[in-house]
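Below is the file query.cif, which contains mmCIF, C-alpha atoms.
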data_coords
loop_
_atom_site.label_atom_id
_atom_site.label_comp_id
_atom_site.auth_asym_id
_atom_site.auth_seq_id
_atom_site.Cartn_x
_atom_site.Cartn_y
_atom_site.Cartn_z
CA MET A 1 21.46 63.91 -24.84
CA GLY A 2 20.95 60.63 -26.70
CA LYS A 3 21.97 57.24 -25.44
CA GLU A 4 25.15 55.60 -26.65
CA ILE A 5 25.89 51.90 -26.95
CA VAL A 6 29.36 51.12 -25.59
CA MET A 7 31.04 47.85 -26.58
CA PHE A 8 34.16 46.54 -24.85
CA LEU A 9 36.66 44.36 -26.74
CA SER A 10 39.46 42.76 -24.73
CA THR A 11 40.08 39.33 -26.25
CA THR A 12 42.83 38.26 -28.63
CA PRO A 13 42.09 38.42 -32.36
CA TYR A 14 42.65 34.73 -33.16
CA SER A 15 41.35 32.99 -30.04
CA PHE A 16 37.73 34.10 -30.27
CA GLU A 17 35.21 35.34 -32.82
CA ASN A 18 34.48 38.35 -30.61
CA THR A 19 35.98 40.87 -33.04
CA HIS A 20 33.74 39.77 -35.89
CA THR A 21 30.71 39.60 -33.60
CA ILE A 22 31.26 43.05 -32.11
CA PHE A 23 31.69 44.57 -35.58
CA LYS A 24 28.44 42.96 -36.74
CA LEU A 25 26.62 44.27 -33.65
CA ALA A 26 28.06 47.75 -34.17
CA ASP A 27 27.01 47.62 -37.83
CA ALA A 28 23.43 46.70 -36.90
CA ALA A 29 23.24 49.42 -34.24
CA LEU A 30 24.59 52.08 -36.62
CA ARG A 31 22.07 51.03 -39.27
CA LYS A 32 19.31 51.59 -36.70
CA GLY A 33 20.64 55.09 -36.03
CA SER A 34 22.23 54.45 -32.63
CA LYS A 35 25.41 56.10 -31.40
CA VAL A 36 28.06 53.43 -30.89
CA ARG A 37 31.46 53.47 -29.17
CA LEU A 38 34.01 50.67 -29.18
CA VAL A 39 36.50 50.49 -26.32
CA ALA A 40 39.48 48.24 -27.13
CA SER A 41 41.65 47.25 -24.20
CA SER A 42 44.34 44.71 -23.41
CA ASP A 43 44.57 42.07 -26.18
CA GLY A 44 41.53 43.60 -27.89
CA VAL A 45 43.76 46.37 -29.22
CA PHE A 46 45.54 43.79 -31.41
CA SER A 47 42.22 43.01 -33.12
CA ILE A 48 42.08 46.45 -34.68
CA VAL A 49 45.65 47.01 -35.84
CA LYS A 50 46.79 46.61 -39.43
CA GLY A 51 47.82 43.10 -40.38
CA GLN A 52 46.08 41.14 -37.63
CA LEU A 53 42.80 40.03 -39.14
CA PRO A 54 42.44 40.46 -42.90
CA GLN A 55 38.90 41.85 -42.93
CA SER A 56 38.95 43.60 -39.57
CA LEU A 57 40.69 46.79 -40.61
CA SER A 58 38.45 47.36 -43.63
CA MET A 59 35.35 46.59 -41.53
CA LEU A 60 36.55 48.97 -38.83
CA GLU A 61 37.27 51.74 -41.35
CA ASP A 62 33.75 51.35 -42.78
CA LEU A 63 32.17 51.50 -39.31
CA VAL A 64 34.21 54.55 -38.32
CA GLY A 65 33.16 56.22 -41.55
CA ARG A 66 29.54 55.65 -40.54
CA GLY A 67 29.95 57.06 -37.04
CA LEU A 68 31.57 54.45 -34.79
CA LYS A 69 33.77 56.07 -32.13
CA VAL A 70 36.84 54.08 -31.06
CA ASP A 71 38.74 54.42 -27.78
CA ILE A 72 41.93 52.55 -27.01
#
As structure tokens, how would this structure be written, given the file I've shared?
Amino acid sequence: MGKEIVMFLSTTPYSFENTHTIFKLADAALRKGSKVRLVASSDGVFSIVKGQLPQSLSMLEDLVGRGLKVDI
């Protein structure tokens, strides 16, 4: 069984740049062929819902299309 990178997002969408950073890290890992899972919890869930951050939803959809697994 291969290894999986698990990323945890729990901060609010507008207070930190964590959402953008975690998406860029997930993108890089997927490009290298790694399995990646994003766990969104607490305020981090608001970072991945429609209407919160303009580019976040489209970035997330692209990552999911390339293999990112998302748990809420």
Expected selection from the PyMOL selection byres ((chain A and resi 7-15) around 9), given as a ChimeraX atom specification: /A:5-6,16-19,22,26,36-48,52-53
With C-alpha atoms kept, could you save the residues just selected as a PDB file, keeping the file's coordinate frame?
ATOM      1  CA  ILE A   5      25.890  51.900 -26.950  1.00  0.00           C
ATOM      2  CA  VAL A   6      29.360  51.120 -25.590  1.00  0.00           C
ATOM      3  CA  PHE A  16      37.730  34.100 -30.270  1.00  0.00           C
ATOM      4  CA  GLU A  17      35.210  35.340 -32.820  1.00  0.00           C
ATOM      5  CA  ASN A  18      34.480  38.350 -30.610  1.00  0.00           C
ATOM      6  CA  THR A  19      35.980  40.870 -33.040  1.00  0.00           C
ATOM      7  CA  ILE A  22      31.260  43.050 -32.110  1.00  0.00           C
ATOM      8  CA  ALA A  26      28.060  47.750 -34.170  1.00  0.00           C
ATOM      9  CA  VAL A  36      28.060  53.430 -30.890  1.00  0.00           C
ATOM     10  CA  ARG A  37      31.460  53.470 -29.170  1.00  0.00           C
ATOM     11  CA  LEU A  38      34.010  50.670 -29.180  1.00  0.00           C
ATOM     12  CA  VAL A  39      36.500  50.490 -26.320  1.00  0.00           C
ATOM     13  CA  ALA A  40      39.480  48.240 -27.130  1.00  0.00           C
ATOM     14  CA  SER A  41      41.650  47.250 -24.200  1.00  0.00           C
ATOM     15  CA  SER A  42      44.340  44.710 -23.410  1.00  0.00           C
ATOM     16  CA  ASP A  43      44.570  42.070 -26.180  1.00  0.00           C
ATOM     17  CA  GLY A  44      41.530  43.600 -27.890  1.00  0.00           C
ATOM     18  CA  VAL A  45      43.760  46.370 -29.220  1.00  0.00           C
ATOM     19  CA  PHE A  46      45.540  43.790 -31.410  1.00  0.00           C
ATOM     20  CA  SER A  47      42.220  43.010 -33.120  1.00  0.00           C
ATOM     21  CA  ILE A  48      42.080  46.450 -34.680  1.00  0.00           C
ATOM     22  CA  GLN A  52      46.080  41.140 -37.630  1.00  0.00           C
ATOM     23  CA  LEU A  53      42.800  40.030 -39.140  1.00  0.00           C
TER      24      LEU A  53
END
Sphere at (22.2, 58.2, -26.6), radius 9 Å, counting only C-alpha atoms: residues as a ChimeraX atom specification: /A:1-5,34-36
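Taking CA of Arg31 (chain A) and CA of Gly51 (chain A) as endpoints, the distance between them is 27.0 Å.
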Which of A:Leu63, A:Lys50, A:Ser56, A:Ile72 sits closest to Ala29 (chain A) [using all atoms listed in the file]: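 Between A:Leu63, A:Lys50, A:Ser56, A:Ile72, the residue approaching Ala29 (chain A) most closely is A:Leu63.
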